[in-house]
$ cat input_9.txt   # compact mmCIF, C-alpha atoms
# COMPACT_ATOMS: atom_id res chain seq x y z
CA MET Q 1 17.63 9.68 -32.65
CA ARG Q 2 19.97 12.23 -31.00
CA ILE Q 3 19.45 14.64 -33.88
CA ALA Q 4 15.66 14.37 -33.52
CA ILE Q 5 15.88 15.02 -29.77
CA PHE Q 6 18.13 18.03 -30.29
CA ALA Q 7 15.93 19.39 -33.09
CA THR Q 8 12.84 19.05 -30.88
CA ILE Q 9 14.46 20.86 -27.94
CA LEU Q 10 15.79 23.56 -30.26
CA LEU Q 11 12.38 24.03 -31.89
CA ILE Q 12 10.71 24.38 -28.48
CA ALA Q 13 13.34 26.92 -27.41
CA LEU Q 14 13.05 28.96 -30.62
CA VAL Q 15 9.25 29.07 -30.60
CA TYR Q 16 9.12 29.96 -26.90
CA ALA Q 17 11.78 32.70 -27.26
CA ALA Q 18 10.16 34.14 -30.39
CA TRP Q 19 6.75 34.16 -28.68
CA LYS Q 20 7.62 35.26 -25.14
CA GLY Q 21 11.18 36.60 -25.29
CA GLY Q 22 12.44 40.15 -25.27
CA GLY Q 23 14.69 41.72 -27.87
CA PRO Q 24 17.86 39.73 -27.01
CA GLU Q 25 16.00 36.42 -26.91
CA ARG Q 26 14.42 37.14 -30.29
CA ALA Q 27 17.79 38.19 -31.70
CA MET Q 28 19.15 34.83 -30.56
CA VAL Q 29 16.28 33.15 -32.42
CA GLY Q 30 17.42 34.93 -35.59
CA ILE Q 31 21.02 33.85 -35.05
CA ALA Q 32 19.99 30.24 -34.38
CA VAL Q 33 17.70 30.06 -37.42
CA THR Q 34 20.51 31.43 -39.60
CA ILE Q 35 22.88 28.77 -38.25
CA VAL Q 36 20.33 25.97 -38.80
CA VAL Q 37 19.64 27.07 -42.39
CA TRP Q 38 23.40 27.39 -43.02
CA ASP Q 39 23.89 23.87 -41.62
CA ARG Q 40 21.20 22.41 -43.88
CA LEU Q 41 22.77 24.12 -46.91
CA LEU Q 42 26.19 22.71 -46.02
CA VAL Q 43 24.78 19.19 -45.64
CA ALA Q 44 22.77 19.49 -48.88
CA SER Q 45 25.87 20.63 -50.77
CA GLY Q 46 27.67 17.42 -49.80
CA LEU Q 47 30.83 19.34 -48.96
CA VAL Q 48 30.88 18.43 -45.25
CA SER Q 49 34.07 16.66 -44.24
CA TYR Q 50 35.31 15.74 -40.79
CA HIS Q 51 38.52 14.22 -42.21
CA ALA Q 52 40.03 17.66 -42.89
CA LEU Q 53 39.47 21.23 -41.78
CA ASP Q 54 35.88 21.99 -42.79
CA ILE Q 55 35.85 25.56 -44.12
CA GLY Q 56 32.04 25.70 -44.38
CA TYR Q 57 31.54 24.83 -40.71
CA LEU Q 58 34.47 27.03 -39.72
CA ALA Q 59 32.69 29.98 -41.37
CA GLN Q 60 29.38 29.00 -39.75
CA ASP Q 61 30.97 28.71 -36.31
CA ALA Q 62 32.79 32.03 -36.77
CA PHE Q 63 29.44 33.64 -37.63
CA GLY Q 64 27.86 32.09 -34.53
CA ALA Q 65 30.69 33.25 -32.28
CA LEU Q 66 30.84 36.80 -33.67
CA SER Q 67 27.08 37.32 -33.74
CA THR Q 68 26.52 36.06 -30.20
CA LEU Q 69 29.49 38.08 -28.97
CA ALA Q 70 27.97 41.19 -30.58
CA LEU Q 71 24.64 40.33 -28.95
CA ALA Q 72 26.35 39.96 -25.57
CA MET Q 73 27.95 43.40 -25.95
CA VAL Q 74 24.66 45.24 -26.45
CA ALA Q 75 22.07 43.10 -24.65
CA TYR Q 76 21.08 43.90 -21.09
CA ARG Q 77 21.14 40.21 -20.19
CA PHE Q 78 23.67 37.96 -18.45
CA TRP Q 79 22.73 34.80 -20.40
CA THR Q 80 24.19 36.23 -23.60
CA LEU Q 81 27.73 35.86 -22.22
CA PRO Q 82 27.50 32.08 -21.72
CA ALA Q 83 25.77 31.86 -25.13
CA ALA Q 84 28.73 33.63 -26.74
CA ILE Q 85 31.13 31.26 -24.99
CA LEU Q 86 29.13 28.22 -26.14
CA HIS Q 87 29.24 29.50 -29.72
CA THR Q 88 32.99 30.19 -29.47
CA LEU Q 89 33.94 26.70 -28.23
CA PRO Q 90 33.49 25.03 -31.66
CA LEU Q 91 36.23 27.29 -33.01
CA LEU Q 92 38.63 25.33 -30.79
CA ALA Q 93 37.70 22.22 -32.78
CA HIS Q 94 38.73 23.92 -36.01
CA LEU Q 95 41.93 25.21 -34.43
CA SER Q 96 42.72 21.72 -33.16
CA ARG Q 97 42.06 20.23 -36.60
CA ALA Q 98 44.26 22.86 -38.28
CA VAL Q 99 47.11 22.20 -35.85
CA ASP Q 100 46.82 18.39 -35.83
CA LEU Q 101 45.25 16.74 -38.87
CA SER Q 102 45.50 13.33 -37.22
CA ILE Q 103 42.62 14.12 -34.83
CA SER Q 104 39.88 11.53 -35.22
CA PRO Q 105 36.94 12.73 -37.35
CA VAL Q 106 34.62 11.64 -34.53
CA VAL Q 107 36.50 13.81 -32.04
CA TYR Q 108 36.45 16.74 -34.49
CA LEU Q 109 32.68 16.37 -34.98
CA THR Q 110 32.04 16.01 -31.24
CA MET Q 111 34.09 19.10 -30.45
CA GLN Q 112 32.06 21.06 -33.00
CA VAL Q 113 28.59 20.08 -31.80
CA ALA Q 114 28.81 19.19 -28.09
CA SER Q 115 28.39 22.72 -26.75
CA SER Q 116 25.37 23.35 -28.98
CA TRP Q 117 23.30 21.02 -26.75
CA LEU Q 118 23.46 23.63 -23.99
CA VAL Q 119 22.15 26.53 -26.09
CA PRO Q 120 18.42 25.58 -26.29
CA PRO Q 121 18.04 25.02 -22.53
CA LEU Q 122 19.89 28.30 -21.93
CA LEU Q 123 17.50 30.13 -24.27
CA ILE Q 124 14.46 28.55 -22.59
CA LEU Q 125 15.77 29.56 -19.17
CA ALA Q 126 16.58 33.08 -20.41
CA THR Q 127 13.08 33.52 -21.83
CA TRP Q 128 11.51 32.23 -18.62
CA HIS Q 129 13.60 34.71 -16.57
CA HIS Q 130 12.56 37.51 -18.92
CA GLN Q 131 8.90 36.66 -18.35
CA ARG Q 132 9.47 36.48 -14.59
CA ARG Q 133 11.10 39.94 -14.56
CA LEU Q 134 8.21 41.34 -16.58
CA LYS Q 135 5.71 40.01 -14.03
CA GLN Q 136 7.78 41.13 -11.06
CA PHE Q 137 8.87 44.60 -12.23
CA GLY Q 138 6.53 45.40 -15.11
CA SER Q 139 9.43 45.89 -17.52
CA ASP Q 140 12.73 44.31 -18.49
CA PRO Q 141 15.23 46.48 -20.38
CA SER Q 142 16.62 44.68 -23.41
CA TRP Q 143 19.63 46.72 -24.45
CA HIS Q 144 22.58 48.56 -22.90
CA ILE Q 145 22.46 51.01 -25.78
CA SER Q 146 19.40 53.13 -26.38
CA TRP Q 147 18.51 53.45 -30.05
CA LYS Q 148 16.55 56.62 -29.38
CA SER Q 149 18.32 59.96 -29.33
CA GLN Q 150 18.96 61.11 -25.80
CA PRO Q 151 17.74 64.56 -24.77
CA ARG Q 152 20.56 66.93 -24.10
CA ASP Q 153 21.21 68.07 -20.58
CA ALA Q 154 19.11 71.12 -19.65
CA ALA Q 155 22.26 73.03 -18.72
CA GLN Q 156 23.63 72.50 -22.23
CA GLN Q 157 20.35 73.54 -23.87
CA SER Q 158 20.11 76.99 -22.35
CA PRO Q 159 23.36 78.43 -21.08
CA THR Q 160 22.92 81.04 -18.40
CA LEU Q 161 24.04 84.56 -19.03
CA SER Q 162 25.95 86.24 -16.26

$ encode --input "input_9.txt" --output "structure tokens"
Amino acid sequence: MRIAIFATILLIALVYAAWKGGGPERAMVGIAVTIVVWDRLLVASGLVSYHALDIGYLAQDAFGALSTLALAMVAYRFWTLPAAILHTLPLLAHLSRAVDLSISPVVYLTMQVASSWLVPPLLILATWHHQRRLKQFGSDPSWHISWKSQPRDAAQQSPTLS
């Protein structure tokens, strides 16, 4: 039942962000879809184990942490920082498992997935704030970095002769 509730909330968040979000929100949709597909492939392979360090989920969580951290570095949004933190927390589960193999499999699983429950509501709230800024200001910059070439300063373009 919990999985169905989480999947429903996640689906609502992903559809809403893909439909109404700006660039960072849509990038987060791509990251989340990649993680969900990766998860389904791990489960289908039958290699998931909470009794030992799970390399498949370690790689998935490392991808989630690195991709959301990269998003936070270039996105002109505050919400990306908490998203990166929430995707980094599961790495502590893997570190804990590597350091102490006697950790209960239930604890290991809970440490891996608990923070993921906060990501869909965060994405919904982020998309709603994006829409609110669009209505209030008419625009909402997505990125710190401009992908267009910047015009050179006029003083550099035509040096004055003295």

$ atom_distance --input "input_9.txt" --atom1 "atom CA of Leu53 of chain Q" --atom2 "atom CA of Met111 of chain Q"
12.7 Å

$ closest_residue --input "input_9.txt" --among "Q:Ser67, Q:Arg40, Q:Trp79, Q:Pro120" --to "Thr8 of chain Q" --atoms "all atoms listed in the file"
Q:Pro120

$ closest_residue --input "input_9.txt" --among "Q:Ala18, Q:Arg77, Q:Ile31, Q:Ala84" --to "His129 of chain Q" --atoms "only C-alpha atoms"
Q:Arg77

$ closest_residue --input "input_9.txt" --among "Q:Val113, Q:Ile5, Q:Leu14, Q:Ile124" --to "Asp39 of chain Q" --atoms "all atoms listed in the file"
Q:Val113

$ closest_residue --input "input_9.txt" --among "Q:Tyr57, Q:Tyr50, Q:Tyr108, Q:Trp117" --to "Ala7 of chain Q" --atoms "all atoms listed in the file"
Q:Trp117

$ decode --input "input_9.txt" --residues "segment 14-33 of chain Q" --atoms "N, CA and C atoms" --output "PDB file, in the first residue's frame"
ATOM      1  N   LEU Q  14       5.559  14.346 -11.070  1.00  0.00           N
ATOM      2  CA  LEU Q  14       6.276  14.310 -12.348  1.00  0.00           C
ATOM      3  C   LEU Q  14       5.440  14.883 -13.481  1.00  0.00           C
ATOM      4  N   VAL Q  15       4.161  14.538 -13.517  1.00  0.00           N
ATOM      5  CA  VAL Q  15       3.291  15.070 -14.570  1.00  0.00           C
ATOM      6  C   VAL Q  15       3.139  16.583 -14.421  1.00  0.00           C
ATOM      7  N   TYR Q  16       2.900  17.045 -13.208  1.00  0.00           N
ATOM      8  CA  TYR Q  16       2.731  18.481 -12.957  1.00  0.00           C
ATOM      9  C   TYR Q  16       4.008  19.247 -13.318  1.00  0.00           C
ATOM     10  N   ALA Q  17       5.172  18.737 -12.906  1.00  0.00           N
ATOM     11  CA  ALA Q  17       6.438  19.425 -13.198  1.00  0.00           C
ATOM     12  C   ALA Q  17       6.755  19.396 -14.690  1.00  0.00           C
ATOM     13  N   ALA Q  18       6.465  18.289 -15.358  1.00  0.00           N
ATOM     14  CA  ALA Q  18       6.717  18.214 -16.798  1.00  0.00           C
ATOM     15  C   ALA Q  18       5.791  19.148 -17.564  1.00  0.00           C
ATOM     16  N   TRP Q  19       4.583  19.320 -17.083  1.00  0.00           N
ATOM     17  CA  TRP Q  19       3.566  20.139 -17.752  1.00  0.00           C
ATOM     18  C   TRP Q  19       3.732  21.621 -17.459  1.00  0.00           C
ATOM     19  N   LYS Q  20       3.962  21.971 -16.195  1.00  0.00           N
ATOM     20  CA  LYS Q  20       3.963  23.373 -15.777  1.00  0.00           C
ATOM     21  C   LYS Q  20       5.309  23.893 -15.279  1.00  0.00           C
ATOM     22  N   GLY Q  21       6.299  23.033 -15.152  1.00  0.00           N
ATOM     23  CA  GLY Q  21       7.580  23.449 -14.590  1.00  0.00           C
ATOM     24  C   GLY Q  21       8.464  24.165 -15.585  1.00  0.00           C
ATOM     25  N   GLY Q  22       9.476  24.828 -15.049  1.00  0.00           N
ATOM     26  CA  GLY Q  22      10.506  25.446 -15.870  1.00  0.00           C
ATOM     27  C   GLY Q  22      11.600  24.430 -16.163  1.00  0.00           C
ATOM     28  N   GLY Q  23      12.710  24.912 -16.662  1.00  0.00           N
ATOM     29  CA  GLY Q  23      13.822  24.029 -17.010  1.00  0.00           C
ATOM     30  C   GLY Q  23      14.311  23.153 -15.858  1.00  0.00           C
ATOM     31  N   PRO Q  24      14.580  23.724 -14.677  1.00  0.00           N
ATOM     32  CA  PRO Q  24      15.062  22.892 -13.567  1.00  0.00           C
ATOM     33  C   PRO Q  24      14.042  21.844 -13.115  1.00  0.00           C
ATOM     34  N   GLU Q  25      12.776  22.203 -13.102  1.00  0.00           N
ATOM     35  CA  GLU Q  25      11.749  21.251 -12.691  1.00  0.00           C
ATOM     36  C   GLU Q  25      11.666  20.103 -13.701  1.00  0.00           C
ATOM     37  N   ARG Q  26      11.771  20.432 -14.969  1.00  0.00           N
ATOM     38  CA  ARG Q  26      11.732  19.389 -16.003  1.00  0.00           C
ATOM     39  C   ARG Q  26      13.004  18.532 -15.977  1.00  0.00           C
ATOM     40  N   ALA Q  27      14.124  19.146 -15.661  1.00  0.00           N
ATOM     41  CA  ALA Q  27      15.355  18.364 -15.508  1.00  0.00           C
ATOM     42  C   ALA Q  27      15.208  17.367 -14.357  1.00  0.00           C
ATOM     43  N   MET Q  28      14.562  17.809 -13.282  1.00  0.00           N
ATOM     44  CA  MET Q  28      14.331  16.913 -12.150  1.00  0.00           C
ATOM     45  C   MET Q  28      13.416  15.764 -12.545  1.00  0.00           C
ATOM     46  N   VAL Q  29      12.455  16.021 -13.428  1.00  0.00           N
ATOM     47  CA  VAL Q  29      11.596  14.953 -13.940  1.00  0.00           C
ATOM     48  C   VAL Q  29      12.454  13.906 -14.645  1.00  0.00           C
ATOM     49  N   GLY Q  30      13.381  14.358 -15.475  1.00  0.00           N
ATOM     50  CA  GLY Q  30      14.275  13.432 -16.173  1.00  0.00           C
ATOM     51  C   GLY Q  30      15.118  12.606 -15.216  1.00  0.00           C
ATOM     52  N   ILE Q  31      15.639  13.252 -14.184  1.00  0.00           N
ATOM     53  CA  ILE Q  31      16.438  12.536 -13.185  1.00  0.00           C
ATOM     54  C   ILE Q  31      15.566  11.507 -12.479  1.00  0.00           C
ATOM     55  N   ALA Q  32      14.374  11.912 -12.058  1.00  0.00           N
ATOM     56  CA  ALA Q  32      13.487  11.001 -11.330  1.00  0.00           C
ATOM     57  C   ALA Q  32      13.050   9.819 -12.191  1.00  0.00           C
ATOM     58  N   VAL Q  33      12.730  10.066 -13.449  1.00  0.00           N
ATOM     59  CA  VAL Q  33      12.326   8.972 -14.338  1.00  0.00           C
ATOM     60  C   VAL Q  33      13.485   7.996 -14.524  1.00  0.00           C
TER      61      VAL Q  33
END
